[in-house]
>>> print(open('final_26.txt').read())   # compact mmCIF, C-alpha atoms and all ligand atoms
# COMPACT_ATOMS: atom_id res chain seq x y z
CA MET A 1 -18.84 94.23 -55.23
CA ARG A 2 -20.97 91.64 -53.45
CA THR A 3 -21.81 89.80 -56.66
CA THR A 4 -18.23 88.99 -57.70
CA ARG A 5 -17.38 88.16 -54.11
CA ASP A 6 -20.26 85.66 -54.09
CA ILE A 7 -19.27 84.23 -57.48
CA SER A 8 -15.67 83.96 -56.35
CA LYS A 9 -16.66 82.22 -53.12
CA ARG A 10 -18.89 79.79 -54.96
CA MET A 11 -16.08 79.04 -57.44
CA ARG A 12 -13.59 78.53 -54.63
CA ASP A 13 -16.00 76.12 -52.90
CA ILE A 14 -16.47 74.15 -56.13
CA LEU A 15 -12.70 73.90 -56.71
CA THR A 16 -12.06 72.86 -53.11
CA ARG A 17 -14.84 70.29 -53.20
CA ASP A 18 -13.43 68.89 -56.47
CA LYS A 19 -10.01 68.52 -54.87
CA VAL A 20 -10.86 67.13 -51.46
CA GLY A 21 -13.31 64.70 -53.04
CA ILE A 22 -16.23 65.55 -50.78
CA LYS A 23 -18.46 63.62 -53.17
CA ASP A 24 -16.64 60.38 -52.30
CA GLY A 25 -17.53 60.61 -48.66
CA PHE A 26 -14.27 62.33 -47.74
CA ALA A 27 -15.99 64.95 -45.62
CA SER A 28 -18.26 62.60 -43.70
CA ALA A 29 -15.43 60.12 -43.04
CA MET A 30 -13.16 62.90 -41.84
CA THR A 31 -15.87 64.48 -39.69
CA LYS A 32 -16.67 61.10 -38.13
CA ASP A 33 -13.00 60.52 -37.28
CA VAL A 34 -12.53 63.99 -35.81
CA GLN A 35 -15.72 63.56 -33.79
CA LYS A 36 -14.44 60.22 -32.47
CA VAL A 37 -11.15 61.74 -31.34
CA LEU A 38 -12.73 64.80 -29.75
CA SER A 39 -15.37 62.82 -27.89
CA ASP A 40 -12.55 60.94 -26.12
CA TYR A 41 -11.48 64.22 -24.60
CA PHE A 42 -14.72 66.17 -24.34
CA GLU A 43 -18.33 65.57 -23.42
CA LEU A 44 -19.63 66.96 -26.70
CA ASP A 45 -22.74 69.11 -26.79
CA SER A 46 -23.04 69.60 -30.55
CA PRO A 47 -21.98 67.60 -33.58
CA VAL A 48 -18.49 68.40 -34.89
CA ARG A 49 -18.30 70.61 -37.99
CA VAL A 50 -15.26 70.49 -40.23
CA GLU A 51 -14.78 73.12 -42.93
CA VAL A 52 -12.04 72.95 -45.53
CA ALA A 53 -11.25 75.98 -47.69
CA GLN A 54 -8.40 76.69 -50.04
CA GLY A 55 -6.68 80.02 -49.51
CA ALA A 56 -5.13 82.31 -52.13
CA ASP A 57 -1.71 80.73 -51.54
CA GLY A 58 -3.07 77.28 -52.43
CA LYS A 59 -2.92 76.01 -48.85
CA TYR A 60 -5.96 74.49 -47.15
CA ALA A 61 -7.47 76.07 -44.08
CA VAL A 62 -9.16 73.39 -41.94
CA ASN A 63 -11.60 74.65 -39.33
CA VAL A 64 -13.05 72.31 -36.73
CA SER A 65 -15.84 73.61 -34.53
CA CYS A 66 -18.10 72.16 -31.86
CA THR A 67 -19.19 72.84 -28.30
CA ALA A 68 -18.68 70.64 -25.26
CA TYR A 69 -20.23 70.45 -21.77
CA CYS A 70 -16.99 69.49 -20.10
CA ILE A 71 -13.53 68.04 -20.42
CA LYS A 72 -13.39 64.33 -19.68
CA GLN A 73 -11.25 63.27 -16.76
CA PHE A 74 -8.71 60.49 -17.15
CA ASP A 75 -5.63 59.44 -15.25
CA THR A 76 -3.23 58.21 -17.89
CA THR A 77 -3.15 58.14 -21.63
CA TYR A 78 -4.05 54.42 -21.41
CA ASP A 79 -7.57 55.48 -20.46
CA VAL A 80 -8.06 56.85 -23.92
CA LYS A 81 -9.73 54.32 -26.17
CA ARG A 82 -7.39 52.84 -28.80
CA TYR A 83 -8.33 52.54 -32.47
CA MET B 1 13.07 77.19 -79.86
CA ARG B 2 10.20 77.56 -77.37
CA LYS B 3 7.45 74.97 -77.56
CA ILE B 4 4.17 76.16 -76.09
CA VAL B 5 0.92 74.21 -75.91
CA VAL B 6 -2.36 76.12 -75.76
CA THR B 7 -4.85 74.03 -73.82
CA SER B 8 -8.04 74.39 -71.75
CA GLY B 9 -9.90 71.25 -70.81
CA LYS B 10 -13.25 72.72 -71.76
CA GLY B 11 -14.02 72.95 -75.46
CA GLY B 12 -14.87 76.11 -77.33
CA VAL B 13 -13.19 78.57 -74.96
CA GLY B 14 -10.90 79.98 -77.65
CA LYS B 15 -7.76 77.80 -77.88
CA THR B 16 -7.60 77.91 -81.67
CA THR B 17 -8.41 81.63 -81.78
CA VAL B 18 -5.74 82.45 -79.20
CA THR B 19 -3.17 80.17 -80.88
CA ALA B 20 -3.69 81.87 -84.25
CA SER B 21 -3.77 85.45 -82.93
CA LEU B 22 -0.82 84.99 -80.58
CA GLY B 23 1.19 83.40 -83.39
CA ARG B 24 0.39 86.27 -85.73
CA LYS B 25 1.39 88.92 -83.20
CA LEU B 26 4.67 87.14 -82.45
CA ALA B 27 5.33 86.91 -86.19
CA LEU B 28 4.61 90.65 -86.53
CA ARG B 29 7.19 91.25 -83.81
CA GLY B 30 9.72 89.53 -86.06
CA TYR B 31 9.80 86.08 -84.49
CA ARG B 32 9.81 82.93 -86.59
CA VAL B 33 6.63 81.12 -85.61
CA VAL B 34 5.10 77.80 -86.54
CA LEU B 35 1.66 76.69 -85.39
CA VAL B 36 1.02 72.98 -85.08
CA ASP B 37 -2.58 71.83 -85.19
CA GLY B 38 -2.79 69.19 -82.48
CA ASP B 39 -6.53 68.83 -82.81
CA VAL B 40 -6.50 65.75 -85.03
CA GLY B 41 -9.77 64.95 -86.73
CA LEU B 42 -11.48 68.12 -85.47
CA ASN B 43 -8.84 70.51 -86.82
CA ASN B 44 -9.77 74.13 -87.43
CA LEU B 45 -6.50 76.03 -87.31
CA ASP B 46 -6.38 75.94 -91.12
CA VAL B 47 -9.79 77.64 -91.34
CA VAL B 48 -9.04 80.24 -88.65
CA THR B 49 -5.80 81.21 -90.43
CA ALA B 50 -7.52 81.00 -93.85
CA ILE B 51 -5.03 78.56 -95.35
CA GLU B 52 -7.45 75.69 -95.87
CA ARG B 53 -7.33 75.92 -99.66
CA ARG B 54 -3.55 75.92 -99.81
CA VAL B 55 -2.95 72.78 -97.75
CA VAL B 56 -1.00 70.15 -99.72
CA TYR B 57 0.46 67.90 -97.03
CA ASP B 58 -0.49 67.36 -93.43
CA ILE B 59 1.19 65.87 -90.36
CA SER B 60 0.25 62.31 -91.38
CA ASP B 61 2.06 62.76 -94.70
CA VAL B 62 5.14 63.83 -92.74
CA LEU B 63 4.94 60.70 -90.59
CA MET B 64 4.40 58.45 -93.59
CA GLY B 65 7.51 59.91 -95.18
CA LYS B 66 5.61 61.46 -98.10
CA CYS B 67 7.27 64.82 -97.41
CA ARG B 68 9.60 66.58 -95.01
CA ALA B 69 8.06 68.48 -92.07
CA PHE B 70 9.01 71.91 -93.47
CA GLN B 71 7.44 71.01 -96.85
CA ALA B 72 4.10 70.52 -95.16
CA LEU B 73 4.16 74.02 -93.65
CA VAL B 74 1.76 76.56 -95.15
CA GLN B 75 2.30 80.30 -94.75
CA ASP B 76 -0.40 82.22 -92.92
CA SER B 77 -2.57 84.52 -95.03
CA GLU B 78 -1.73 87.52 -92.82
CA SER B 79 1.84 87.10 -91.56
CA SER B 80 5.12 85.24 -91.96
CA MET B 81 3.91 82.57 -89.55
CA ARG B 82 3.73 78.96 -90.82
CA ILE B 83 1.11 76.37 -90.03
CA LEU B 84 1.44 72.61 -89.93
CA PRO B 85 -2.02 71.29 -90.78
CA SER B 86 -3.48 68.39 -88.87
CA SER B 87 -4.71 65.18 -90.45
CA LYS B 88 -8.09 63.54 -90.43
CA ASP B 89 -6.63 60.28 -89.23
CA SER B 90 -4.80 59.93 -85.94
CA SER B 91 -3.68 56.29 -86.22
CA LEU B 92 -0.02 57.15 -86.86
CA LEU B 93 0.05 59.97 -84.40
CA THR B 94 1.59 58.62 -81.24
CA ALA B 95 2.79 61.16 -78.68
CA GLN B 96 6.36 60.18 -79.55
CA ALA B 97 5.86 60.70 -83.29
CA PHE B 98 4.12 64.03 -82.71
CA LYS B 99 6.96 65.22 -80.48
CA GLY B 100 9.47 64.18 -83.15
CA VAL B 101 7.74 66.38 -85.73
CA VAL B 102 7.55 69.34 -83.31
CA ASP B 103 11.22 68.98 -82.44
CA SER B 104 12.16 69.09 -86.11
CA PHE B 105 11.24 72.82 -86.21
CA GLY B 106 14.44 73.79 -84.43
CA GLU B 107 15.08 76.81 -86.63
CA PHE B 108 11.89 78.53 -85.45
CA ASP B 109 11.69 80.78 -82.37
CA PHE B 110 8.24 79.56 -81.33
CA VAL B 111 6.26 76.40 -81.96
CA ILE B 112 2.72 76.86 -80.68
CA ILE B 113 0.57 73.75 -80.43
CA ASP B 114 -3.22 74.01 -80.59
CA CYS B 115 -4.45 71.33 -78.20
CA PRO B 116 -7.78 69.52 -78.62
CA ALA B 117 -10.48 69.88 -75.96
CA GLY B 118 -10.67 67.21 -73.29
CA ILE B 119 -8.01 65.40 -71.32
CA GLU B 120 -7.64 62.21 -73.36
CA HIS B 121 -4.91 61.01 -75.71
CA GLY B 122 -4.95 64.13 -77.89
CA PHE B 123 -4.28 66.24 -74.81
CA HIS B 124 -1.41 63.98 -73.73
CA ARG B 125 0.08 64.01 -77.24
CA ALA B 126 -0.01 67.80 -77.48
CA VAL B 127 1.28 68.47 -73.96
CA SER B 128 4.07 65.88 -74.17
CA ALA B 129 5.55 67.76 -77.12
CA ALA B 130 5.70 71.12 -75.27
CA ASP B 131 7.94 72.76 -72.68
CA GLU B 132 5.46 75.45 -71.65
CA ALA B 133 1.67 75.64 -71.42
CA ILE B 134 -0.87 78.41 -71.72
CA VAL B 135 -4.22 77.46 -70.21
CA ILE B 136 -7.23 79.26 -71.66
CA THR B 137 -10.37 79.84 -69.69
CA THR B 138 -13.38 82.11 -69.93
CA PRO B 139 -14.94 83.72 -66.84
CA SER B 140 -17.63 81.01 -66.74
CA LEU B 141 -17.48 78.77 -63.69
CA SER B 142 -17.48 75.57 -65.73
CA ALA B 143 -14.52 76.74 -67.84
CA ILE B 144 -12.61 77.75 -64.68
CA ARG B 145 -13.39 74.40 -63.11
CA ASP B 146 -12.06 72.52 -66.16
CA ALA B 147 -9.00 74.79 -66.27
CA ASP B 148 -8.32 73.83 -62.66
CA LYS B 149 -8.47 70.12 -63.55
CA VAL B 150 -6.13 70.65 -66.48
CA LEU B 151 -3.72 72.62 -64.29
CA GLY B 152 -3.67 69.64 -61.93
CA LEU B 153 -2.86 67.28 -64.82
CA LEU B 154 -0.17 69.59 -66.19
CA ARG B 155 1.76 69.21 -62.93
CA SER B 156 2.67 65.67 -63.95
CA TYR B 157 4.38 66.89 -67.14
CA ARG B 158 7.83 68.42 -67.18
CA LEU B 159 6.85 71.97 -68.10
CA SER B 160 9.06 74.95 -67.33
CA ASP B 161 6.15 77.42 -67.25
CA VAL B 162 2.36 77.35 -67.02
CA SER B 163 0.34 80.53 -67.41
CA LEU B 164 -3.24 81.60 -67.87
CA VAL B 165 -5.18 83.54 -70.49
CA VAL B 166 -8.71 84.66 -69.69
CA ASN B 167 -10.73 84.96 -72.88
CA ARG B 168 -14.13 86.51 -73.61
CA VAL B 169 -14.04 88.94 -70.69
CA ARG B 170 -16.85 91.52 -70.68
CA PRO B 171 -15.26 94.72 -69.30
CA ASP B 172 -18.68 96.27 -68.62
CA MET B 173 -19.76 93.30 -66.53
CA VAL B 174 -16.42 93.14 -64.71
CA ALA B 175 -16.72 96.86 -63.92
CA LYS B 176 -20.19 96.23 -62.47
CA HIS B 177 -18.86 93.26 -60.48
CA GLU B 178 -21.12 90.92 -62.41
CA MET B 179 -18.29 88.82 -63.81
CA LEU B 180 -15.02 87.61 -62.33
CA GLY B 181 -12.02 89.59 -63.52
CA ALA B 182 -8.76 88.03 -64.69
CA ALA B 183 -6.94 88.79 -61.43
CA GLU B 184 -9.66 87.02 -59.42
CA ILE B 185 -9.61 84.03 -61.76
CA GLY B 186 -5.81 83.90 -61.55
CA ALA B 187 -6.07 83.93 -57.75
CA LEU B 188 -8.62 81.10 -57.77
CA LEU B 189 -6.43 78.99 -60.03
CA HIS B 190 -3.11 80.07 -58.49
CA VAL B 191 -1.70 80.87 -61.92
CA PRO B 192 -0.71 84.33 -63.15
CA PRO B 193 -2.87 85.63 -66.00
CA ILE B 194 -0.64 86.80 -68.86
CA GLY B 195 -3.49 87.72 -71.16
CA VAL B 196 -6.99 89.11 -70.84
CA ILE B 197 -8.90 89.01 -74.11
CA PRO B 198 -12.18 90.89 -74.20
CA GLU B 199 -15.33 89.52 -75.75
CA ASP B 200 -15.11 90.93 -79.25
CA ASP B 201 -17.82 90.72 -81.89
CA LEU B 202 -15.23 91.46 -84.56
CA ILE B 203 -13.55 88.14 -83.77
CA THR B 204 -16.81 86.34 -84.47
CA LEU B 205 -17.38 88.31 -87.65
CA TYR B 206 -13.92 88.43 -89.16
CA GLN B 207 -12.79 84.97 -88.15
CA GLN B 208 -15.26 83.74 -90.73
CA LEU B 209 -13.33 85.75 -93.30
CA GLY B 210 -9.92 84.56 -92.10
CA SER B 211 -8.44 87.67 -90.49
CA VAL B 212 -9.33 90.00 -87.64
CA PRO B 213 -8.54 93.69 -88.32
CA ASP B 214 -6.17 95.81 -86.19
CA CYS B 215 -9.06 98.03 -85.06
CA ALA B 216 -10.63 95.15 -83.08
CA ILE B 217 -10.61 95.82 -79.34
CA SER B 218 -9.03 92.42 -78.82
CA ASP B 219 -6.07 93.42 -80.98
CA ARG B 220 -4.23 95.33 -78.25
CA ALA B 221 -4.94 92.54 -75.82
CA TYR B 222 -3.28 90.06 -78.19
CA LEU B 223 -0.28 92.36 -78.65
CA ALA B 224 0.14 92.59 -74.88
CA LEU B 225 -0.16 88.81 -74.62
CA ALA B 226 2.47 88.32 -77.34
CA ASP B 227 4.83 90.73 -75.55
CA ASN B 228 4.37 88.80 -72.32
CA VAL B 229 5.09 85.52 -74.08
CA ALA B 230 8.11 86.92 -75.90
CA ASN B 231 9.57 88.52 -72.77
CA ASN B 232 8.53 85.79 -70.33
CA SER B 233 6.74 88.47 -68.31
CA LYS B 234 3.50 88.16 -66.38
CA ALA B 235 1.94 91.60 -66.73
CA PHE B 236 -1.49 91.71 -68.32
CA TYR B 237 -3.59 94.12 -70.31
CA ASP B 238 -6.40 94.94 -67.94
CA VAL B 239 -9.48 95.53 -70.05
CA THR B 240 -11.49 96.91 -67.16
CA GLN B 241 -8.92 99.51 -66.11
CA LYS B 242 -8.25 100.62 -69.71
CA ARG B 243 -4.58 100.61 -68.83
CA ARG B 244 -2.11 98.82 -71.03
CA PHE B 245 -0.58 96.86 -68.20
CA GLY B 246 -2.38 96.07 -65.00
CA ARG B 247 -0.30 95.11 -62.06
CA ARG B 248 -0.72 91.53 -60.94
CA ARG B 249 -2.55 91.36 -57.67
N1 LIG A 301 -12.64 86.97 -77.47
C1 LIG A 301 -13.62 86.47 -78.21
N2 LIG A 301 -14.72 87.21 -78.51
C2 LIG A 301 -15.73 86.71 -79.25
N3 LIG A 301 -15.73 85.48 -79.78
C3 LIG A 301 -14.68 84.68 -79.54
C4 LIG A 301 -13.57 85.12 -78.75
N4 LIG A 301 -12.66 84.10 -78.69
C5 LIG A 301 -13.19 83.06 -79.39
N5 LIG A 301 -14.39 83.41 -79.90
C6 LIG A 301 -15.29 82.54 -80.70
O1 LIG A 301 -15.55 81.37 -79.96
C7 LIG A 301 -15.69 80.24 -80.82
C8 LIG A 301 -14.81 79.13 -80.32
O2 LIG A 301 -13.45 79.53 -80.42
P1 LIG A 301 -12.29 78.49 -80.76
O3 LIG A 301 -12.63 77.64 -81.93
O4 LIG A 301 -11.03 79.25 -80.82
O5 LIG A 301 -12.32 77.60 -79.43
P2 LIG A 301 -11.53 76.25 -79.14
O6 LIG A 301 -11.22 76.26 -77.68
O7 LIG A 301 -10.39 76.09 -80.08
O8 LIG A 301 -12.64 75.16 -79.47
P3 LIG A 301 -12.42 73.56 -79.57
O9 LIG A 301 -12.34 73.09 -78.15
O10 LIG A 301 -13.65 73.10 -80.26
O11 LIG A 301 -11.15 73.33 -80.33
C9 LIG A 301 -15.32 80.74 -82.21
O12 LIG A 301 -16.51 80.91 -82.94
C10 LIG A 301 -14.65 82.07 -81.99
O13 LIG A 301 -14.89 82.96 -83.04
MG MG A 302 -9.88 74.48 -81.38
>>> encode(input="final_26.txt", output="structure tokens")
Amino acid sequence: MRTTRDISKRMRDILTRDKVGIKDGFASAMTKDVQKVLSDYFELDSPVRVEVAQGADGKYAVNVSCTAYCIKQFDTTYDVKRY
Amino acid sequence: MRKIVVTSGKGGVGKTTVTASLGRKLALRGYRVVLVDGDVGLNNLDVVTAIERRVVYDISDVLMGKCRAFQALVQDSESSMRILPSSKDSSLLTAQAFKGVVDSFGEFDFVIIDCPAGIEHGFHRAVSAADEAIVITTPSLSAIRDADKVLGLLRSYRLSDVSLVVNRVRPDMVAKHEMLGAAEIGALLHVPPIGVIPEDDLITLYQQLGSVPDCAISDRAYLALADNVANNSKAFYDVTQKRRFGRRR
């Protein structure tokens, strides 16, 4: 059972990578942007990881993970850096 | 008339074999079938159906006005199915002209178009003339990957149905979980498999002689595929379960 599950996972990764264009820097650009947004709100402890996978229904599951020391304090939304 | 293109992206996965065998089974079921060889220059449908020595006119002759489309048709060696041979030269074969020829077969129940490999002009020409597509893949990852690309391209054509046939499946390897099964491949590609054709040495052997005998293990798989196509159903013959129809997962 494990073998086909591994083959299937590898195939799914290849198809997802083909579609989201990871080769063209899509992943690094997206990760950089997400990291920028999150670091406005959190004192980040680890680099942000973004995983994109396509589910059986064709939809994309996007998982963002990282750890932070603390939540940044700010008074109004104007304190947040603008892009 | 239903116009179905058999395509794949990757070469050598069995488009011509599936086109010929599906056409024959539909003809045996009593349907009027014409196969159109869309693989201009690298045509092989004539050899697979063993009509190569009886070809008088080809699609270029039809376009040049040397004959009518139905005069160029050659009857299959094994069934009532007709074949429109392809030409060596594609200069006259615009997508529009090709579609015109296909549309002239209005009195047939099925026109099945054998698409060339790749996604260039020959692909566009063949797909533009069809209303439905059958995408062929094998369980190999590179064939599945190319099938996925082709499925993406097919979305920009006005097709009423797109389905999948998985060819060259090794039931023993699928049973041992060493090869992806048709249901898994269908799930990866988000397209229902309507045919699962096992790897069959008799295809290799008898195709060289122009006809594959009924005793071939692939024969039942082709019958089930033809029934699906004829009935617009999506059940498939599951070679690993040894059941005639597997339920779609
Ligand atoms: N189920 C099968 N079992 C064993 N051999 C097969 C099977 N299907 C096809 N083949 C063999 O695979 C080879 C390629 O098949 P075929 O010519 O139909 O592919 P194709 O997709 O039309 O190729 P091309 O892209 O060059 O047009 C042939 O030699 C054929 O006999
Ligand atoms: Mg071919």
>>> interface_residues(input="final_26.txt", of="chain B", to="chain A", cutoff="12 Å", atoms="all atoms listed in the file", output="PDB file with C-alpha atoms, in the frame of the given file")
ATOM      1  CA  PRO B 139     -14.940  83.720 -66.840  1.00  0.00           C
ATOM      2  CA  SER B 140     -17.630  81.010 -66.740  1.00  0.00           C
ATOM      3  CA  LEU B 141     -17.480  78.770 -63.690  1.00  0.00           C
ATOM      4  CA  SER B 142     -17.480  75.570 -65.730  1.00  0.00           C
ATOM      5  CA  ALA B 143     -14.520  76.740 -67.840  1.00  0.00           C
ATOM      6  CA  ILE B 144     -12.610  77.750 -64.680  1.00  0.00           C
ATOM      7  CA  ARG B 145     -13.390  74.400 -63.110  1.00  0.00           C
ATOM      8  CA  ASP B 146     -12.060  72.520 -66.160  1.00  0.00           C
ATOM      9  CA  ALA B 147      -9.000  74.790 -66.270  1.00  0.00           C
ATOM     10  CA  ASP B 148      -8.320  73.830 -62.660  1.00  0.00           C
ATOM     11  CA  LYS B 149      -8.470  70.120 -63.550  1.00  0.00           C
ATOM     12  CA  LEU B 151      -3.720  72.620 -64.290  1.00  0.00           C
ATOM     13  CA  GLY B 152      -3.670  69.640 -61.930  1.00  0.00           C
ATOM     14  CA  MET B 173     -19.760  93.300 -66.530  1.00  0.00           C
ATOM     15  CA  VAL B 174     -16.420  93.140 -64.710  1.00  0.00           C
ATOM     16  CA  ALA B 175     -16.720  96.860 -63.920  1.00  0.00           C
ATOM     17  CA  LYS B 176     -20.190  96.230 -62.470  1.00  0.00           C
ATOM     18  CA  HIS B 177     -18.860  93.260 -60.480  1.00  0.00           C
ATOM     19  CA  GLU B 178     -21.120  90.920 -62.410  1.00  0.00           C
ATOM     20  CA  MET B 179     -18.290  88.820 -63.810  1.00  0.00           C
ATOM     21  CA  LEU B 180     -15.020  87.610 -62.330  1.00  0.00           C
ATOM     22  CA  GLY B 181     -12.020  89.590 -63.520  1.00  0.00           C
ATOM     23  CA  ALA B 182      -8.760  88.030 -64.690  1.00  0.00           C
ATOM     24  CA  ALA B 183      -6.940  88.790 -61.430  1.00  0.00           C
ATOM     25  CA  GLU B 184      -9.660  87.020 -59.420  1.00  0.00           C
ATOM     26  CA  ILE B 185      -9.610  84.030 -61.760  1.00  0.00           C
ATOM     27  CA  GLY B 186      -5.810  83.900 -61.550  1.00  0.00           C
ATOM     28  CA  ALA B 187      -6.070  83.930 -57.750  1.00  0.00           C
ATOM     29  CA  LEU B 188      -8.620  81.100 -57.770  1.00  0.00           C
ATOM     30  CA  LEU B 189      -6.430  78.990 -60.030  1.00  0.00           C
ATOM     31  CA  HIS B 190      -3.110  80.070 -58.490  1.00  0.00           C
ATOM     32  CA  VAL B 191      -1.700  80.870 -61.920  1.00  0.00           C
ATOM     33  CA  ARG B 249      -2.550  91.360 -57.670  1.00  0.00           C
TER      34      ARG B 249
END
>>> residues_around(input="final_26.txt", residues="Arg158 (chain B)", least_positions_apart="3", cutoff="10 Å", atoms="all atoms listed in the file", output="PyMOL selection string")
chain B and resi 127-128+130-132+154-155+161
>>> closest_residue(input="final_26.txt", among="B:Ala95, B:Val212, B:Ala224, B:Ile59", to="ligand LIG 301 (chain A)", atoms="only C-alpha atoms and all ligand atoms")
B:Val212
>>> residues_around(input="final_26.txt", residues="Thr67 (chain A)", least_positions_apart="4", cutoff="8 Å", atoms="only C-alpha atoms", output="number ranges by chain")
A: 44-48
>>> atom_distance(input="final_26.txt", atom1="CA of Val111 (chain B)", atom2="CA of Asp58 (chain B)")
16.1 Å
>>> atom_distance(input="final_26.txt", atom1="atom O7 of ligand LIG 301 (chain A)", atom2="CA of Gly12 (chain B)")
5.3 Å
>>> residues_around(input="final_26.txt", residues="Lys72 (chain A)", least_positions_apart="6", cutoff="10 Å", atoms="all atoms listed in the file", output="JSON, numbers by chain")
{"A": [39, 40, 41, 42, 43, 44]}
>>> residues_near_ligand(input="final_26.txt", ligand="ligand MG 302 (chain A)", cutoff="9 Å", atoms="all atoms listed in the file", output="list in words")
Gly11, Gly12, Val13, Gly14, Lys15, Thr16, Thr17, Thr19, Asp37, Gly38, Asp39, Leu42, Asn43, Asn44, Leu45, Asp114, Cys115, Pro116 and Ala117 of chain B
>>> atom_distance(input="final_26.txt", atom1="CA of Leu35 (chain B)", atom2="atom O6 of ligand LIG 301 (chain A)")
15.0 Å
>>> closest_residue(input="final_26.txt", among="B:Lys88, B:His121, B:Arg53, B:Lys10", to="ligand LIG 301 (chain A)", atoms="only C-alpha atoms and all ligand atoms")
B:Lys10
>>> closest_residue(input="final_26.txt", among="B:Pro213, B:Gly100, B:Pro192, B:Pro198", to="ligand LIG 301 (chain A)", atoms="only C-alpha atoms and all ligand atoms")
B:Pro198
>>> closest_residue(input="final_26.txt", among="A:Asp33, A:Leu38, A:Ser28, A:Val20", to="Cys70 (chain A)", atoms="only C-alpha atoms")
A:Leu38
>>> residues_around(input="final_26.txt", residues="Met30 (chain A)", least_positions_apart="3", cutoff="12 Å", atoms="all atoms listed in the file", output="MDAnalysis selection string")
chainID A and resid 20:22 24:27 33:37 48:52 62 64
>>> residues_around(input="final_26.txt", residues="Ala69 (chain B)", least_positions_apart="6", cutoff="12 Å", atoms="only C-alpha atoms", output="PDB file with C-alpha atoms, keeping the file's coordinate frame")
ATOM      1  CA  VAL B  34       5.100  77.800 -86.540  1.00  0.00           C
ATOM      2  CA  VAL B  36       1.020  72.980 -85.080  1.00  0.00           C
ATOM      3  CA  VAL B  56      -1.000  70.150 -99.720  1.00  0.00           C
ATOM      4  CA  TYR B  57       0.460  67.900 -97.030  1.00  0.00           C
ATOM      5  CA  ASP B  58      -0.490  67.360 -93.430  1.00  0.00           C
ATOM      6  CA  ILE B  59       1.190  65.870 -90.360  1.00  0.00           C
ATOM      7  CA  SER B  60       0.250  62.310 -91.380  1.00  0.00           C
ATOM      8  CA  ASP B  61       2.060  62.760 -94.700  1.00  0.00           C
ATOM      9  CA  VAL B  62       5.140  63.830 -92.740  1.00  0.00           C
ATOM     10  CA  LEU B  63       4.940  60.700 -90.590  1.00  0.00           C
ATOM     11  CA  ARG B  82       3.730  78.960 -90.820  1.00  0.00           C
ATOM     12  CA  ILE B  83       1.110  76.370 -90.030  1.00  0.00           C
ATOM     13  CA  LEU B  84       1.440  72.610 -89.930  1.00  0.00           C
ATOM     14  CA  PRO B  85      -2.020  71.290 -90.780  1.00  0.00           C
ATOM     15  CA  SER B  86      -3.480  68.390 -88.870  1.00  0.00           C
ATOM     16  CA  ALA B  97       5.860  60.700 -83.290  1.00  0.00           C
ATOM     17  CA  PHE B  98       4.120  64.030 -82.710  1.00  0.00           C
ATOM     18  CA  GLY B 100       9.470  64.180 -83.150  1.00  0.00           C
ATOM     19  CA  VAL B 101       7.740  66.380 -85.730  1.00  0.00           C
ATOM     20  CA  VAL B 102       7.550  69.340 -83.310  1.00  0.00           C
ATOM     21  CA  ASP B 103      11.220  68.980 -82.440  1.00  0.00           C
ATOM     22  CA  SER B 104      12.160  69.090 -86.110  1.00  0.00           C
ATOM     23  CA  PHE B 105      11.240  72.820 -86.210  1.00  0.00           C
ATOM     24  CA  GLY B 106      14.440  73.790 -84.430  1.00  0.00           C
TER      25      GLY B 106
END
>>> axis_aligned_box(input="final_26.txt", around="region 194-206 of chain B", padding_each_side="6 Å", output="AutoDock Vina command-line options")
--center_x -9.2 --center_y 88.9 --center_z -79.0 --size_x 29.2 --size_y 17.1 --size_z 32.3
>>> residues_near_point(input="final_26.txt", point="(-4.6, 87.7, -74.9)", cutoff="9 Å", atoms="all atoms listed in the file", output="PyMOL selection string")
chain B and resi 18+21-22+165-167+194-198+218-226+236-237
>>> closest_residue(input="final_26.txt", among="B:Lys234, B:Arg168, B:Arg32, B:Arg2", to="ligand LIG 301 (chain A)", atoms="all atoms listed in the file")
B:Arg168
>>> closest_residue(input="final_26.txt", among="B:Ser211, B:Thr137, B:Thr94, B:Ser8", to="Ile51 (chain B)", atoms="all atoms listed in the file")
B:Ser211
